[in-house]
Amino acid sequence: MKWLCGAVLAAMLTGTVQAQSVVATGDLGLVVERASGSLLLVDQSDRASLARIEGLGDLSHASLVYSPDERFAYVFGRDGGLSKVDLVEKRVAKRVIQSGNAIGGAISDDGSLVAVSNYEPGGVRIFDAQTLEMVADIPTGSKTIGLVDAPGKRFVFTLWDAGETWIADLNSEEPKITRITGMGTNPYDALITGDGRLYITGLFGEDGLTALDLWQENPEPIRVLPGYGRGEAELPVYKMPHLEGWARAGQEFVLPAVGHHEVLWVDGETLAETGRTSTHGQPVFAMARPDGRQVWVNFAHPLNDTIQVIDTVTKQVVHEFKPGPAVLHMEFTPRGNEVWVSVRDAGKVMIYDTRTFEKTGEIDAESPSGIFFTARAHRTGL
C-alpha cells in the first residue's frame with residue numbers, strides 16, 4: 001500500500017512540475033533593441049518584459065518572423081545575420097552570417113523554409129528552418145527588396161536595380177523562378193495583401209506604384225497612382241515609408257505618401273485613388289487596427305514625436321498625441337484593444353487603449369524599434 005501511495009504522490013508531483021514548465025507563447029512578443037543588438041521578450045496581458053535576449057549583432061534595421069508554432073523567431077539583421085531565437089528557452093538557438101548586408105526576410109507558408117533578402121551581395125538565400133542550413137541561393141545581380149511569402153510555398157521579391165519582380169516556387173529541389181519585367185524604376189519596398197493576391201511595390205525612381213495580381217497565371221504589372229510619387233515639387237524625403245506598414249481598412253488601402261504630409265486612400269478592387277488625408281508630417285507607418293476602423297500614423301524626423309489616429313469612415317484625424325521623441329514603430333494586440341508604441345529616445349515601449357487613447361502601461365527598453373507579436377505567425381506577409 002505504501003508503494004502505491006508513493007507512486008501516486010510521485011505522479012502528482014511530476015505532473016505539477018510539468019504544468020509549471022509549460023510556456024504559452026500566444027501572448028508573447030519581441031521588441032528589437034536596435035542599439036544593443038538585443039531583443040526584449042514581452043508579455044501582452046501582463047504588459048511586462050520577461051527577458052532580454054542578447055548577441056544578435058547589428059539590429060539597426062532588423063525585422064523578424066515566427067515559426068507556425070510560435071516557438072521560434074527568425075531575426076534578420078542588417079549585418080547579414082540570420083538568428084533563430086527560442087522564445088521558450090529565452091535564448092539564441094542558432095545564428096549564421098549569410099551575407100554582408102541583409103534587408104529582411106520571410107518564412108514559407110508551411111514553416112519549413114526561411115528566405116533572406118540581401119543588398120550585398122544581392123539576391124535571396126533560402127535556409128532550412130530547423131537547421132539554418134542553406135538549401136538554395138538565388139543570385140539576382142541586384143539589391144533585392146520587398147521579400148514576402150506567398151501561398152503555395154513561394155517567395156516574391158523585387159530587384160532595385162533591374163526593376164523586376166521574381167516569384168520563386170520552392171516545391172521542387174531547385175527553385176522555379178518566374179521573372180516579371182517592367183515593374184518601374186528603383187522599387188524600394190513592397191507588400192503582399194493578407195489573402196496573398198496583390199503584391200504592390202513602391203517606386204522611388206518615378207511616380208506611382210506597381211501591383212501584381214498573383215492569382216493570374218501570368219501576372220502583368222498594373223500601374224497604381226501613375227501621377228503620384230515623390231511629389232511635383234521634389235520635396236525632401238526624410239525617411240522612406242515602410243510599405244509593410246500600409247493598411248487595408250475595409251475595401252480600401254491607406255498608403256503613406258512619399259515626401260508629402262498626407263496619406264492616400266486607394267480602392268482595393270480598382271486600385272484607383274479615393275481620397276487624401278492631410279497629416280502632421282511625412283508618414284512612415286499607416287497601420288490599421290485589426291477591425292479596420294482606425295488607422296494609426298507615425299512620422300519621419302523631425303516630426304517623429306507625434307501619432308495621429310484617423311477614422312476610416314470619415315477619413316478625418318480624430319486624435320493626436322505625443323508619446324515622446326522618436327516614435328519608430330507600432331504594433332496592435334491581435335484583436336486591437338491596445339497598441340504598443342516604441343519611443344526610441346525615451347527608452348520606452350508605451351501601451352495605449354485604442355478606444356479611450358489612455359496610456360495603460362509602459363516598459364523600459366534600450367533604443368526600441370520594431371515590435372512583433374507572435375500572432376504574426378498566422379498571417380501571410382508578416
# chains A, B, ... in the order shown; residues from 1 in each chain; ligands from 1
>>> residues_around(residues="A:Trp160", least_positions_apart="2", cutoff="7 Å", atoms="only C-alpha atoms", output="mmCIF file with C-alpha atoms, in the first residue's frame")
data_model
loop_
_atom_site.group_PDB
_atom_site.id
_atom_site.type_symbol
_atom_site.label_atom_id
_atom_site.label_comp_id
_atom_site.auth_asym_id
_atom_site.auth_seq_id
_atom_site.Cartn_x
_atom_site.Cartn_y
_atom_site.Cartn_z
ATOM 1 C CA SER A 142 20.877 43.433 -57.889
ATOM 2 C CA LYS A 143 19.914 44.599 -54.444
ATOM 3 C CA THR A 144 16.724 42.768 -53.534
ATOM 4 C CA ILE A 145 13.842 44.331 -51.616
ATOM 5 C CA THR A 158 11.853 42.728 -56.310
ATOM 6 C CA ALA A 162 16.624 45.991 -62.600
ATOM 7 C CA GLY A 163 13.031 46.974 -61.816
ATOM 8 C CA ASN A 186 14.072 51.736 -58.423
ATOM 9 C CA PRO A 187 11.364 49.917 -56.478
ATOM 10 C CA TYR A 188 12.269 50.419 -52.812
#
>>> select_by_dssp(residues="stretch 166-344 of chain A", states="strand (DSSP E)", output="PyMOL selection string")
chain A and resi 166-169+176-180+187-192+198-203+209-213+222-224+247-249+252-256+262-267+273-278+283-288+294-299+307-311+316-321+327-332+338-343
>>> residues_around(residues="A:Ala300", least_positions_apart="3", cutoff="6 Å", atoms="only C-alpha atoms", output="list in words")
Lys239, Gln282, Val284, Leu303 and Asn304 of chain A
>>> residues_around(residues="A:Lys348", least_positions_apart="5", cutoff="12 Å", atoms="only C-alpha atoms", output="list in words")
Val31, Val32, Glu33, Leu40, Ala48, Ser49, Pro323, Gly324, Pro325, Ala326, Val327, Leu328, His329, Trp340, Val341, Ser342, Val343, Gly361, Glu362, Ile363, Asp364, Ala365, Glu366, Ser367, Pro368, Ser369 and Ile371 of chain A
>>> residues_around(residues="A:Asp109", least_positions_apart="2", cutoff="8 Å", atoms="only C-alpha atoms", output="PDB file with N, CA, C and O atoms, in the first residue's frame")
ATOM      1  N   ILE A 107       9.152  33.678 -44.081  1.00  0.00           N
ATOM      2  CA  ILE A 107       9.077  32.250 -43.819  1.00  0.00           C
ATOM      3  C   ILE A 107       7.982  31.664 -44.703  1.00  0.00           C
ATOM      4  O   ILE A 107       6.937  32.295 -44.927  1.00  0.00           O
ATOM      5  N   GLY A 111       6.136  26.753 -43.053  1.00  0.00           N
ATOM      6  CA  GLY A 111       7.098  26.915 -41.966  1.00  0.00           C
ATOM      7  C   GLY A 111       8.406  26.176 -42.132  1.00  0.00           C
ATOM      8  O   GLY A 111       9.231  26.168 -41.212  1.00  0.00           O
ATOM      9  N   SER A 112       8.644  25.594 -43.288  1.00  0.00           N
ATOM     10  CA  SER A 112       9.841  24.770 -43.452  1.00  0.00           C
ATOM     11  C   SER A 112      11.057  25.546 -43.946  1.00  0.00           C
ATOM     12  O   SER A 112      12.192  25.092 -43.769  1.00  0.00           O
ATOM     13  N   ASP A 149       6.416  36.170 -48.236  1.00  0.00           N
ATOM     14  CA  ASP A 149       5.937  34.825 -48.512  1.00  0.00           C
ATOM     15  C   ASP A 149       4.616  34.910 -49.256  1.00  0.00           C
ATOM     16  O   ASP A 149       3.823  35.845 -49.062  1.00  0.00           O
ATOM     17  N   ALA A 150       4.367  33.928 -50.115  1.00  0.00           N
ATOM     18  CA  ALA A 150       3.104  33.832 -50.842  1.00  0.00           C
ATOM     19  C   ALA A 150       2.578  32.406 -50.701  1.00  0.00           C
ATOM     20  O   ALA A 150       3.364  31.465 -50.509  1.00  0.00           O
ATOM     21  N   PRO A 151       1.271  32.223 -50.785  1.00  0.00           N
ATOM     22  CA  PRO A 151       0.716  30.872 -50.668  1.00  0.00           C
ATOM     23  C   PRO A 151       1.326  29.918 -51.689  1.00  0.00           C
ATOM     24  O   PRO A 151       1.708  30.314 -52.796  1.00  0.00           O
ATOM     25  N   GLY A 152       1.428  28.635 -51.300  1.00  0.00           N
ATOM     26  CA  GLY A 152       1.971  27.636 -52.202  1.00  0.00           C
ATOM     27  C   GLY A 152       3.468  27.483 -52.112  1.00  0.00           C
ATOM     28  O   GLY A 152       4.120  27.129 -53.106  1.00  0.00           O
ATOM     29  N   LYS A 153       4.038  27.766 -50.924  1.00  0.00           N
ATOM     30  CA  LYS A 153       5.484  27.629 -50.719  1.00  0.00           C
ATOM     31  C   LYS A 153       6.266  28.442 -51.754  1.00  0.00           C
ATOM     32  O   LYS A 153       7.177  27.962 -52.409  1.00  0.00           O
ATOM     33  N   ARG A 154       5.868  29.720 -51.870  1.00  0.00           N
ATOM     34  CA  ARG A 154       6.531  30.638 -52.799  1.00  0.00           C
ATOM     35  C   ARG A 154       7.033  31.869 -52.053  1.00  0.00           C
ATOM     36  O   ARG A 154       6.498  32.245 -51.019  1.00  0.00           O
ATOM     37  N   THR A 380      -0.213  35.880 -43.595  1.00  0.00           N
ATOM     38  CA  THR A 380       0.615  35.965 -44.793  1.00  0.00           C
ATOM     39  C   THR A 380       1.275  37.348 -44.876  1.00  0.00           C
ATOM     40  O   THR A 380       0.659  38.365 -44.609  1.00  0.00           O
TER      41      THR A 380
END
>>> residues_around(residues="A:Gln308", least_positions_apart="3", cutoff="6 Å", atoms="only C-alpha atoms", output="compact mmCIF listing (two decimals) with N, CA and C atoms, in the first residue's frame")
# COMPACT_ATOMS: atom_id res chain seq x y z
N TRP A 296 -3.57 54.26 -37.47
CA TRP A 296 -2.63 55.00 -36.65
C TRP A 296 -1.39 55.32 -37.50
N VAL A 297 -0.95 56.57 -37.44
CA VAL A 297 0.12 57.06 -38.31
C VAL A 297 1.23 57.68 -37.47
N HIS A 319 -7.73 61.95 -33.40
CA HIS A 319 -6.93 62.06 -32.18
C HIS A 319 -5.48 62.27 -32.56
N GLU A 320 -4.80 63.10 -31.77
CA GLU A 320 -3.37 63.35 -31.95
C GLU A 320 -2.72 63.46 -30.59
>>> atom_distance(atom1="atom CA of A:Thr181", atom2="atom CA of A:Ala115")
21.8 Å
>>> closest_residue(among="A:Pro334, A:Gly81, A:Gly29, A:Gly347", to="A:Tyr66", atoms="only C-alpha atoms")
A:Gly29
>>> atom_distance(atom1="atom CA of A:Leu113", atom2="atom CA of A:Ile126")
6.6 Å
>>> residues_around(residues="A:Leu255", least_positions_apart="5", cutoff="12 Å", atoms="only C-alpha atoms", output="JSON, numbers by chain")
{"A": [190, 191, 200, 201, 202, 208, 209, 224, 225, 228, 229, 241, 242, 243, 244, 245, 246, 247, 248, 249, 260, 261, 262, 263, 264, 265, 266, 267, 268, 271, 273, 274, 275, 276, 277, 282, 283, 284, 285, 286, 287, 288, 295, 296, 297]}
>>> closest_residue(among="A:Gly281, A:Gly105, A:Gly336, A:Gly259", to="A:Asp353", atoms="only C-alpha atoms")
A:Gly336
>>> atom_distance(atom1="atom CA of A:Ala346", atom2="atom CA of A:Val75")
24.1 Å
>>> closest_residue(among="A:Asn337, A:Thr140, A:Ser63, A:Ser38", to="A:Lys90", atoms="only C-alpha atoms")
A:Ser38
>>> decode(residues="stretch 106-161 of chain A", atoms="C-alpha atoms", output="short mmCIF file (atom, residue, chain, number, x, y, z; two decimals), in the first residue's frame")
data_model
loop_
_atom_site.label_atom_id
_atom_site.label_comp_id
_atom_site.auth_asym_id
_atom_site.auth_seq_id
_atom_site.Cartn_x
_atom_site.Cartn_y
_atom_site.Cartn_z
CA ALA A 106 10.17 35.75 -44.82
CA ILE A 107 9.08 32.25 -43.82
CA SER A 108 7.24 29.86 -46.15
CA ASP A 109 3.57 29.13 -45.55
CA ASP A 110 4.39 25.61 -44.29
CA GLY A 111 7.10 26.92 -41.97
CA SER A 112 9.84 24.77 -43.45
CA LEU A 113 11.93 27.45 -45.19
CA VAL A 114 13.28 30.86 -44.26
CA ALA A 115 14.34 33.28 -47.00
CA VAL A 116 16.63 36.31 -46.61
CA SER A 117 16.81 39.30 -48.93
CA ASN A 118 20.27 40.82 -49.43
CA TYR A 119 21.81 44.11 -50.51
CA GLU A 120 25.34 42.69 -50.51
CA PRO A 121 25.98 40.52 -52.48
CA GLY A 122 22.37 40.84 -53.58
CA GLY A 123 19.94 38.04 -54.29
CA VAL A 124 17.95 35.80 -51.97
CA ARG A 125 19.23 32.90 -49.89
CA ILE A 126 16.92 30.21 -48.53
CA PHE A 127 17.50 28.16 -45.39
CA ASP A 128 16.07 25.11 -43.68
CA ALA A 129 14.01 26.46 -40.79
CA GLN A 130 15.11 23.69 -38.45
CA THR A 131 18.87 23.73 -39.01
CA LEU A 132 19.54 27.08 -40.74
CA GLU A 133 21.48 25.20 -43.39
CA MET A 134 21.30 26.95 -46.77
CA VAL A 135 19.20 24.99 -49.27
CA ALA A 136 19.10 27.47 -52.18
CA ASP A 137 21.00 30.53 -53.41
CA ILE A 138 19.20 32.78 -55.92
CA PRO A 139 21.62 35.39 -57.32
CA THR A 140 19.96 38.40 -58.95
CA GLY A 141 22.82 40.77 -59.78
CA SER A 142 20.88 43.43 -57.89
CA LYS A 143 19.91 44.60 -54.44
CA THR A 144 16.72 42.77 -53.53
CA ILE A 145 13.84 44.33 -51.62
CA GLY A 146 10.24 43.61 -50.74
CA LEU A 147 10.70 39.90 -49.95
CA VAL A 148 7.41 38.28 -48.84
CA ASP A 149 5.94 34.83 -48.51
CA ALA A 150 3.10 33.83 -50.84
CA PRO A 151 0.72 30.87 -50.67
CA GLY A 152 1.97 27.64 -52.20
CA LYS A 153 5.48 27.63 -50.72
CA ARG A 154 6.53 30.64 -52.80
CA PHE A 155 8.56 33.77 -52.15
CA VAL A 156 8.15 37.04 -54.06
CA PHE A 157 10.82 39.75 -54.19
CA THR A 158 11.85 42.73 -56.31
CA LEU A 159 15.12 44.00 -57.77
CA TRP A 160 16.05 47.61 -57.01
CA ASP A 161 18.49 47.94 -59.92
#
